[in-house]
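Report on one structure; see the data block that follows.
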Amino acid sequence: MFGKAKNRYSSSNLTSFVGDKLNFEGREAYKLLRTNVFFSLPKDDSGMGKIIGITSSFAGEYKSTTALNLAISIADSGLKVLLVDCDMRLSHMAETLKLGNKIGLSDYLAGQETNILRKGILKRNNLDLILAGYVPPNPAELLGSEKMKKFIQTLAGHYDYIILDLPPVNAVTDASIAAQYADGVLVVVRQNVADKKTLKKSVRQLEYTKCRILGFVYTGVQSGDGRYYKKYGKGYGYYAASDK
Amino acid sequence: MEDNKQKRSDARATQQAEEIDLLELTRAVLHRWWIIMLAIILGGALGYGFSKKTVTPVYDTDVLLYVNNSSLSVGSTSISLSDMTASSNLVETYIEILNTRTVLNEVIARTGVNYSYYQLKQMISASSKNKTAVLCITVSDPNAEEGVLIANTIATVLAEQIMKIIEGTSVQLVDAAVLPEVAATPGVRYYAIRAALIAAVLAIALIVVCDLLNDKIRKEDDFAKNYDYPLLATIPDHAKSGGSHYGYYSSKPEQRPTNQSEAANDTRTSKNR
């Protein structure tokens, strides 16, 4: 009776709140996240895109939702974005986006596929995607390989922002390994799911591996707590129609 | 700069250890008002049912006797203070006499009640009324009429016995026992209310304990209190608030992932904990 959120741990219903299907509050929230990310990781003149890692303490904290929506939000601002799903062990991205096959990063790193880039997903020309691929026996080795490092470096030259959808940091070492490539890491924290102790552990782990933590993204916030949205969502209701 | 940061996080750590947010706690309790309501209803019903089954009402009947020791004031027309003290001291003696087998068995014999000596002794209490020479005998009996009968019989038997044992004493009946109208013991309603209140208190205590033990991230303050990293955005729970659908795939049925992947998700989640 004190853990209402538990039955919604799985991110299987992710489809219903991605991109254009979001309501006004949701889209505004991701826009705010985008703005804050721009401020903490501004584009520079080096010609290399900025790489943002997104992780969380547990599975099911809306990590992939956040990654996808942030990617959409950045793409909508006119920049070129690539979303890379690095969660090789447990990725729902292919199902979520209703993509036919699962070929992706792991297949490329294992040397079985070369063409893994999916261009212009979700009706956006400037939003590309790389799926996690089929589950390999050794995700940590693949993510830590020289090939991966080179691959990301090459990609960075082609995009303004690259978003790495990382596995939960506490579950496997994959996240810490893949986070090395990121210029900054966002820690997704879902209300009533993440506990303080585990979050502390996650942050410590990221700090230990010398990741630059940009900040937290607080997801799944019940309307009772998010007074801000309640107030503004209603007040600017007319905006929702014109914002489309 | 580094020092300042260190100090700040130290201060934060101590603050966090001490702080219990009363307002937050009250809110948590109010938020779960239905649990308290449920506890009150359940507790009340339980208390009512239980007391209805087990508790029998007991009626108290009083009989008052005045103890007069004439030997103490021979030749005196007025009752002196020492007489009074002696009389009230004597009350203690009379109580002892009352509790003897002789008296109580005689009472049982005369009234014909179906109690043993010990049972009857349990039912009777006696004391000096307001430290005077008036002896008050109370009979507690589930049967009010029987209680009256016992009380009045005691008065008679005790008077006879005292006069027989202590010479020069007379015992007068001040007030005979009358049929009590209400039961002396609390009724079913009392127990029901009691139980409901206890249940409510327990429910609140449970909520408070659970709330204090809940280590989950529940409010935005939890970040600022513990970390130097900023909170970049607060995303409302879409699943709940999603009213407006503009999506191009809103018409398509939602595709669920396979059971296998869901099961895998569950195992990983439990492993983490």
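Letters for chains follow the order of the structure tokens (A, B, ...), residue numbers begin at 1 for each chain, and ligand numbers begin at 1 in the order shown.
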
Residues at most 9 Å from region 168-180 of chain B, counting only C-alpha atoms, excluding those fewer than 5 positions away in the same chain, as a list in words? Tyr59, Asp60, Thr61, Asp62, Val63, Leu64, Leu65, Tyr66, Val67, Asn68, Asn69, Ser70, Ser71, Leu72, Val134, Ala144, Glu145, Gly147, Val148, Leu149, Ala151, Asn152, Ala155, Thr156, Leu158, Ala159, Glu160, Ile162 and Met163 of chain B

Looking only at the backbone, which of the residues in region 9-243 of chain A does DSSP tag as helix (DSSP H, G or I), as number ranges by chain? A: 12-17, 19-21, 24-40, 63-76, 93-96, 105-109, 121-123, 139-144, 146-156, 174-181, 196-208, 227-235, 237-242

Using only C-alpha atoms, find which residues of chain A lie within 6 Å of chain B and jot them down as a VMD selection string. chain A and resid 20 to 21 23 29 33 171 191 to 192 194 to 196 215 to 222

Could those selected residues go to a file with N, CA and C atoms, as a PDB file, in the first residue's frame?
ATOM      1  N   ASP A  20       5.606  13.484 -29.954  1.00  0.00           N
ATOM      2  CA  ASP A  20       4.392  14.238 -30.251  1.00  0.00           C
ATOM      3  C   ASP A  20       3.207  13.780 -29.417  1.00  0.00           C
ATOM      4  N   LYS A  21       3.314  12.584 -28.868  1.00  0.00           N
ATOM      5  CA  LYS A  21       2.187  12.102 -28.072  1.00  0.00           C
ATOM      6  C   LYS A  21       2.169  12.704 -26.671  1.00  0.00           C
ATOM      7  N   ASN A  23       1.806  15.302 -23.672  1.00  0.00           N
ATOM      8  CA  ASN A  23       0.914  16.433 -23.464  1.00  0.00           C
ATOM      9  C   ASN A  23       1.742  17.698 -23.228  1.00  0.00           C
ATOM     10  N   ALA A  29       8.419  20.223 -20.154  1.00  0.00           N
ATOM     11  CA  ALA A  29       9.450  19.712 -19.250  1.00  0.00           C
ATOM     12  C   ALA A  29      10.696  19.303 -20.028  1.00  0.00           C
ATOM     13  N   LEU A  33      14.549  20.707 -20.028  1.00  0.00           N
ATOM     14  CA  LEU A  33      15.717  19.835 -19.926  1.00  0.00           C
ATOM     15  C   LEU A  33      16.697  20.150 -21.058  1.00  0.00           C
ATOM     16  N   ALA A 171      23.312  -1.741 -12.131  1.00  0.00           N
ATOM     17  CA  ALA A 171      23.052  -3.116 -12.534  1.00  0.00           C
ATOM     18  C   ALA A 171      24.312  -3.782 -13.076  1.00  0.00           C
ATOM     19  N   GLN A 191      10.531   9.271  -9.349  1.00  0.00           N
ATOM     20  CA  GLN A 191       9.899   9.457  -8.043  1.00  0.00           C
ATOM     21  C   GLN A 191       9.353   8.139  -7.516  1.00  0.00           C
ATOM     22  N   ASN A 192       9.585   7.897  -6.226  1.00  0.00           N
ATOM     23  CA  ASN A 192       9.078   6.717  -5.531  1.00  0.00           C
ATOM     24  C   ASN A 192       9.630   5.402  -6.052  1.00  0.00           C
ATOM     25  N   ALA A 194      13.431   5.253  -7.210  1.00  0.00           N
ATOM     26  CA  ALA A 194      14.822   5.310  -6.771  1.00  0.00           C
ATOM     27  C   ALA A 194      14.861   5.615  -5.275  1.00  0.00           C
ATOM     28  N   ASP A 195      15.718   4.915  -4.547  1.00  0.00           N
ATOM     29  CA  ASP A 195      15.886   5.276  -3.145  1.00  0.00           C
ATOM     30  C   ASP A 195      17.202   6.022  -2.975  1.00  0.00           C
ATOM     31  N   LYS A 196      17.227   6.788  -1.870  1.00  0.00           N
ATOM     32  CA  LYS A 196      18.351   7.708  -1.665  1.00  0.00           C
ATOM     33  C   LYS A 196      19.692   6.978  -1.600  1.00  0.00           C
ATOM     34  N   GLY A 215      23.643  16.703 -14.111  1.00  0.00           N
ATOM     35  CA  GLY A 215      22.568  16.918 -13.141  1.00  0.00           C
ATOM     36  C   GLY A 215      21.557  15.791 -13.182  1.00  0.00           C
ATOM     37  N   PHE A 216      20.450  16.037 -12.464  1.00  0.00           N
ATOM     38  CA  PHE A 216      19.424  15.002 -12.361  1.00  0.00           C
ATOM     39  C   PHE A 216      18.225  15.338 -13.239  1.00  0.00           C
ATOM     40  N   VAL A 217      17.568  14.301 -13.681  1.00  0.00           N
ATOM     41  CA  VAL A 217      16.265  14.465 -14.333  1.00  0.00           C
ATOM     42  C   VAL A 217      15.273  13.676 -13.482  1.00  0.00           C
ATOM     43  N   TYR A 218      14.311  14.395 -12.955  1.00  0.00           N
ATOM     44  CA  TYR A 218      13.361  13.806 -12.015  1.00  0.00           C
ATOM     45  C   TYR A 218      12.115  13.403 -12.801  1.00  0.00           C
ATOM     46  N   THR A 219      11.900  12.102 -12.931  1.00  0.00           N
ATOM     47  CA  THR A 219      10.814  11.649 -13.801  1.00  0.00           C
ATOM     48  C   THR A 219       9.667  11.012 -13.024  1.00  0.00           C
ATOM     49  N   GLY A 220       8.599  10.824 -13.743  1.00  0.00           N
ATOM     50  CA  GLY A 220       7.437  10.140 -13.166  1.00  0.00           C
ATOM     51  C   GLY A 220       6.845  10.870 -11.984  1.00  0.00           C
ATOM     52  N   VAL A 221       6.932  12.191 -12.000  1.00  0.00           N
ATOM     53  CA  VAL A 221       6.486  12.961 -10.835  1.00  0.00           C
ATOM     54  C   VAL A 221       4.959  13.066 -10.851  1.00  0.00           C
ATOM     55  N   GLN A 222       4.369  12.630  -9.775  1.00  0.00           N
ATOM     56  CA  GLN A 222       2.908  12.687  -9.652  1.00  0.00           C
ATOM     57  C   GLN A 222       2.463  14.139  -9.604  1.00  0.00           C
TER      58      GLN A 222
END

Near Asn126 (chain A), counting only C-alpha atoms, which residues have an atom at most 8 Å away, once you skip same-chain residues fewer than 4 positions from it, shown as a PDB file with C-alpha atoms, in the first residue's frame?
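Contents of the output file result03.pdb:
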ATOM      1  CA  ALA A  75      16.145  17.682 -33.022  1.00  0.00           C
ATOM      2  CA  GLY A  78      17.033  22.333 -35.507  1.00  0.00           C
ATOM      3  CA  LEU A  79      20.218  20.566 -34.438  1.00  0.00           C
ATOM      4  CA  LYS A  80      21.437  17.247 -35.750  1.00  0.00           C
ATOM      5  CA  VAL A  81      21.040  14.525 -33.156  1.00  0.00           C
ATOM      6  CA  LYS A 119      18.294   7.904 -40.430  1.00  0.00           C
ATOM      7  CA  GLY A 120      15.425  10.271 -39.946  1.00  0.00           C
TER       8      GLY A 120
END

Contacts of region 203-208 of chain A at 10 Å (only C-alpha atoms; same-chain gap of 3+ positions) as a PyMOL selection string: (chain A and resi 55-57+169-170+173+175-177+179-180+185+187+198-200+211-213) or (chain B and resi 227+229)

Work out how far apart CA of Leu22 (chain B) and CA of Gly43 (chain B) are and give it in Å to one decimal. 26.5 Å

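Between Val91 (chain B) and the candidates B:Asn114, B:Ser128, B:Gln119, B:Gln161, the tightest atom-to-atom separation, counting only C-alpha atoms, involves B:Ser128.
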
Residues flagged strand (DSSP E or B) by DSSP in region 12-202 of chain B, as a ChimeraX atom specification: /B:59-69,124-128,134-141,169-175
